[in-house]
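Q: Please read through the structure below; I'll follow up with questions.
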Amino acid sequence: MVDAGAALKKLWTDRCTVTVRQERQNPINKQTEFVDKIFVANEPCRISFESISATSPDNGTAIVSQAVKLFLRSDVDIPPGAVIAVTRQGRTETYVSSGQPAIYPGHQEIALKLKEERA
């Protein structure tokens, strides 16, 4: 019998680094600050893309959007809103996890949205 989780992990050719924001007290001025902390680094994963077509209610034109889903080990507890940098085929894109993951015995699936960079 083939372990489905092990078979799925063979498809995980991408890598991700998860960063979370944590509160800390500045030791000098005693004020609370937020710092980025790497939560998981270089984790094997798989990202998938799905095109979704919809019609605009205003003028009936077609709108195409893309749903992005991240697959990785089920024992990594990624909080909603974490920043996830995914490297695929030598190219890195940065996403934000958009909610609670769907947990399965061999993996989890997390919906992502592309992170908007601030100027």
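Naming scheme: A, B, ... for chains in displayed order of the structure tokens; residues 1 onward per chain; ligands 1 onward as shown.
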As a ChimeraX atom specification, which residues of chain A does DSSP assign to strand (DSSP E)?
A: /A:14-25,32-55,62-72,83-88,91-97,102-103,108-114
Q: Running DSSP on the backbone, which parts of chain A land in helix (DSSP H, G or I), as a ChimeraX atom specification?
A: /A:4-9
Q: Keeping only C-alpha atoms, write the selected residues to a file as a short mmCIF file (atom, residue, chain, number, x, y, z; two decimals), in the first residue's frame.
A:
data_model
loop_
_atom_site.label_atom_id
_atom_site.label_comp_id
_atom_site.auth_asym_id
_atom_site.auth_seq_id
_atom_site.Cartn_x
_atom_site.Cartn_y
_atom_site.Cartn_z
CA ALA A 4 -0.49 9.07 0.07
CA GLY A 5 1.37 11.68 2.12
CA ALA A 6 4.77 10.39 0.98
CA ALA A 7 3.62 10.27 -2.64
CA LEU A 8 2.32 13.85 -2.44
CA LYS A 9 5.58 15.11 -0.92
#
Q: Write out, as a Markdown table, each residue of range 8-96 of chain A that has an atom at most 8 Å from range 109-114 of chain A, together with the closest pair of atoms and their distance in Å to one decimal, counting only C-alpha atoms, rows going by chain and rising number.
A:
| residue | atom | partner | partner_atom | distance |
| --- | --- | --- | --- | --- |
| A:Ala67 | CA | A:Leu112 | CA | 7.5 |
| A:Val68 | CA | A:Leu112 | CA | 5.3 |
| A:Lys69 | CA | A:Ala111 | CA | 4.6 |
| A:Leu70 | CA | A:Ile110 | CA | 5.1 |
| A:Phe71 | CA | A:Glu109 | CA | 4.8 |
| A:Leu72 | CA | A:Glu109 | CA | 6.9 |
| A:Glu93 | CA | A:Leu114 | CA | 7.8 |
| A:Thr94 | CA | A:Leu114 | CA | 6.3 |
| A:Tyr95 | CA | A:Leu114 | CA | 4.4 |
| A:Val96 | CA | A:Lys113 | CA | 5.5 |
Q: Once you have the residues from the selection above, write them out as a JSON list (two decimals), in the first residue's frame, restricted to N, CA, C and O atoms.
A:
[["chain", "number", "residue", "atom", "x", "y", "z"],
["A", 67, "ALA", "N", -6.54, 31.98, -8.14],
["A", 67, "ALA", "CA", -6.52, 31.44, -6.78],
["A", 67, "ALA", "C", -5.19, 30.72, -6.60],
["A", 67, "ALA", "O", -4.79, 29.92, -7.45],
["A", 68, "VAL", "N", -4.50, 31.02, -5.51],
["A", 68, "VAL", "CA", -3.20, 30.42, -5.23],
["A", 68, "VAL", "C", -3.33, 29.59, -3.96],
["A", 68, "VAL", "O", -3.88, 30.05, -2.96],
["A", 69, "LYS", "N", -2.82, 28.38, -4.01],
["A", 69, "LYS", "CA", -2.90, 27.47, -2.87],
["A", 69, "LYS", "C", -1.53, 26.88, -2.58],
["A", 69, "LYS", "O", -0.81, 26.50, -3.49],
["A", 70, "LEU", "N", -1.18, 26.84, -1.29],
["A", 70, "LEU", "CA", 0.09, 26.29, -0.85],
["A", 70, "LEU", "C", -0.14, 24.95, -0.17],
["A", 70, "LEU", "O", -1.01, 24.82, 0.67],
["A", 71, "PHE", "N", 0.64, 23.96, -0.56],
["A", 71, "PHE", "CA", 0.59, 22.63, 0.05],
["A", 71, "PHE", "C", 1.88, 22.42, 0.83],
["A", 71, "PHE", "O", 2.96, 22.62, 0.29],
["A", 72, "LEU", "N", 1.77, 22.01, 2.10],
["A", 72, "LEU", "CA", 2.95, 21.68, 2.89],
["A", 72, "LEU", "C", 2.59, 20.76, 4.04],
["A", 72, "LEU", "O", 1.41, 20.41, 4.20],
["A", 93, "GLU", "N", 8.25, 34.67, -5.10],
["A", 93, "GLU", "CA", 7.10, 35.56, -4.98],
["A", 93, "GLU", "C", 6.70, 35.59, -3.51],
["A", 93, "GLU", "O", 6.82, 34.59, -2.81],
["A", 94, "THR", "N", 6.19, 36.73, -3.07],
["A", 94, "THR", "CA", 5.79, 36.87, -1.68],
["A", 94, "THR", "C", 4.28, 36.94, -1.57],
["A", 94, "THR", "O", 3.63, 37.71, -2.29],
["A", 95, "TYR", "N", 3.72, 36.14, -0.66],
["A", 95, "TYR", "CA", 2.29, 36.03, -0.47],
["A", 95, "TYR", "C", 1.95, 36.25, 1.01],
["A", 95, "TYR", "O", 2.81, 36.24, 1.86],
["A", 96, "VAL", "N", 0.67, 36.41, 1.25],
["A", 96, "VAL", "CA", 0.14, 36.48, 2.62],
["A", 96, "VAL", "C", -0.87, 35.36, 2.76],
["A", 96, "VAL", "O", -1.70, 35.14, 1.87]]
Q: How many Å lie between CA of Asp75 in chain A and CA of Glu23 in chain A, rounded to one decimal?
A: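 Taking CA of Asp75 in chain A and CA of Glu23 in chain A, their separation equals 23.9 Å.
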Q: Please produce, as JSON lines, a per-residue contact table for range 85-111 of chain A versus range 34-46 of chain A (criterion: any atom at most 12 Å away, only C-alpha atoms considered), showing the nearest atom pair and its distance in Å to one decimal, sorted by chain then residue number.
A:
{"residue": "A:Ala85", "atom": "CA", "partner": "A:Asn42", "partner_atom": "CA", "distance": 9.4}
{"residue": "A:Val86", "atom": "CA", "partner": "A:Cys45", "partner_atom": "CA", "distance": 8.4}
{"residue": "A:Thr87", "atom": "CA", "partner": "A:Asn42", "partner_atom": "CA", "distance": 8.9}
{"residue": "A:Arg88", "atom": "CA", "partner": "A:Arg46", "partner_atom": "CA", "distance": 8.6}
{"residue": "A:Gln89", "atom": "CA", "partner": "A:Arg46", "partner_atom": "CA", "distance": 11.4}
{"residue": "A:Thr92", "atom": "CA", "partner": "A:Asn42", "partner_atom": "CA", "distance": 11.9}
{"residue": "A:His107", "atom": "CA", "partner": "A:Cys45", "partner_atom": "CA", "distance": 9.7}
{"residue": "A:Gln108", "atom": "CA", "partner": "A:Cys45", "partner_atom": "CA", "distance": 10.0}
{"residue": "A:Glu109", "atom": "CA", "partner": "A:Arg46", "partner_atom": "CA", "distance": 9.6}
{"residue": "A:Ile110", "atom": "CA", "partner": "A:Arg46", "partner_atom": "CA", "distance": 10.7}
Q: Write out the residues from the selection above, keeping C-alpha atoms, as a PDB file, in the first residue's frame.
A:
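Contents of the output file selection38.pdb:
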ATOM      1  CA  ALA A  85       7.919  33.735   0.357  1.00  0.00           C
ATOM      2  CA  VAL A  86       7.728  30.858  -2.137  1.00  0.00           C
ATOM      3  CA  THR A  87      10.642  30.019  -4.416  1.00  0.00           C
ATOM      4  CA  ARG A  88       9.702  28.114  -7.552  1.00  0.00           C
ATOM      5  CA  GLN A  89      12.034  27.448 -10.475  1.00  0.00           C
ATOM      6  CA  THR A  92      10.557  34.040  -5.489  1.00  0.00           C
ATOM      7  CA  HIS A 107      -0.592  17.708   4.319  1.00  0.00           C
ATOM      8  CA  GLN A 108      -2.320  21.061   4.679  1.00  0.00           C
ATOM      9  CA  GLU A 109      -3.602  23.531   2.103  1.00  0.00           C
ATOM     10  CA  ILE A 110      -3.424  27.278   2.657  1.00  0.00           C
TER      11      ILE A 110
END
Q: So which one's closest to Thr17 in chain A, A:Ile52, A:Val76, A:Val83, A:Ile103? Using only C-alpha atoms, please.
A: A:Val83
Q: Compare A:Ser98, A:Gln22, A:Asn29, A:Gln66 by their minimum atom-to-atom distance to Ser51 in chain A, counting only C-alpha atoms, and give me the closest one.
A: A:Gln66
Q: What is the distance between CA of Gly106 in chain A and CA of Arg21 in chain A, in Å to one decimal?
A: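 One can read the CA of Gly106 in chain A to CA of Arg21 in chain A distance as 27.5 Å.
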Q: Report the distance between CA of Gly81 in chain A and CA of Thr32 in chain A in Å, rounded to one decimal place.
A: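 Going from CA of Gly81 in chain A over to CA of Thr32 in chain A covers 19.7 Å.
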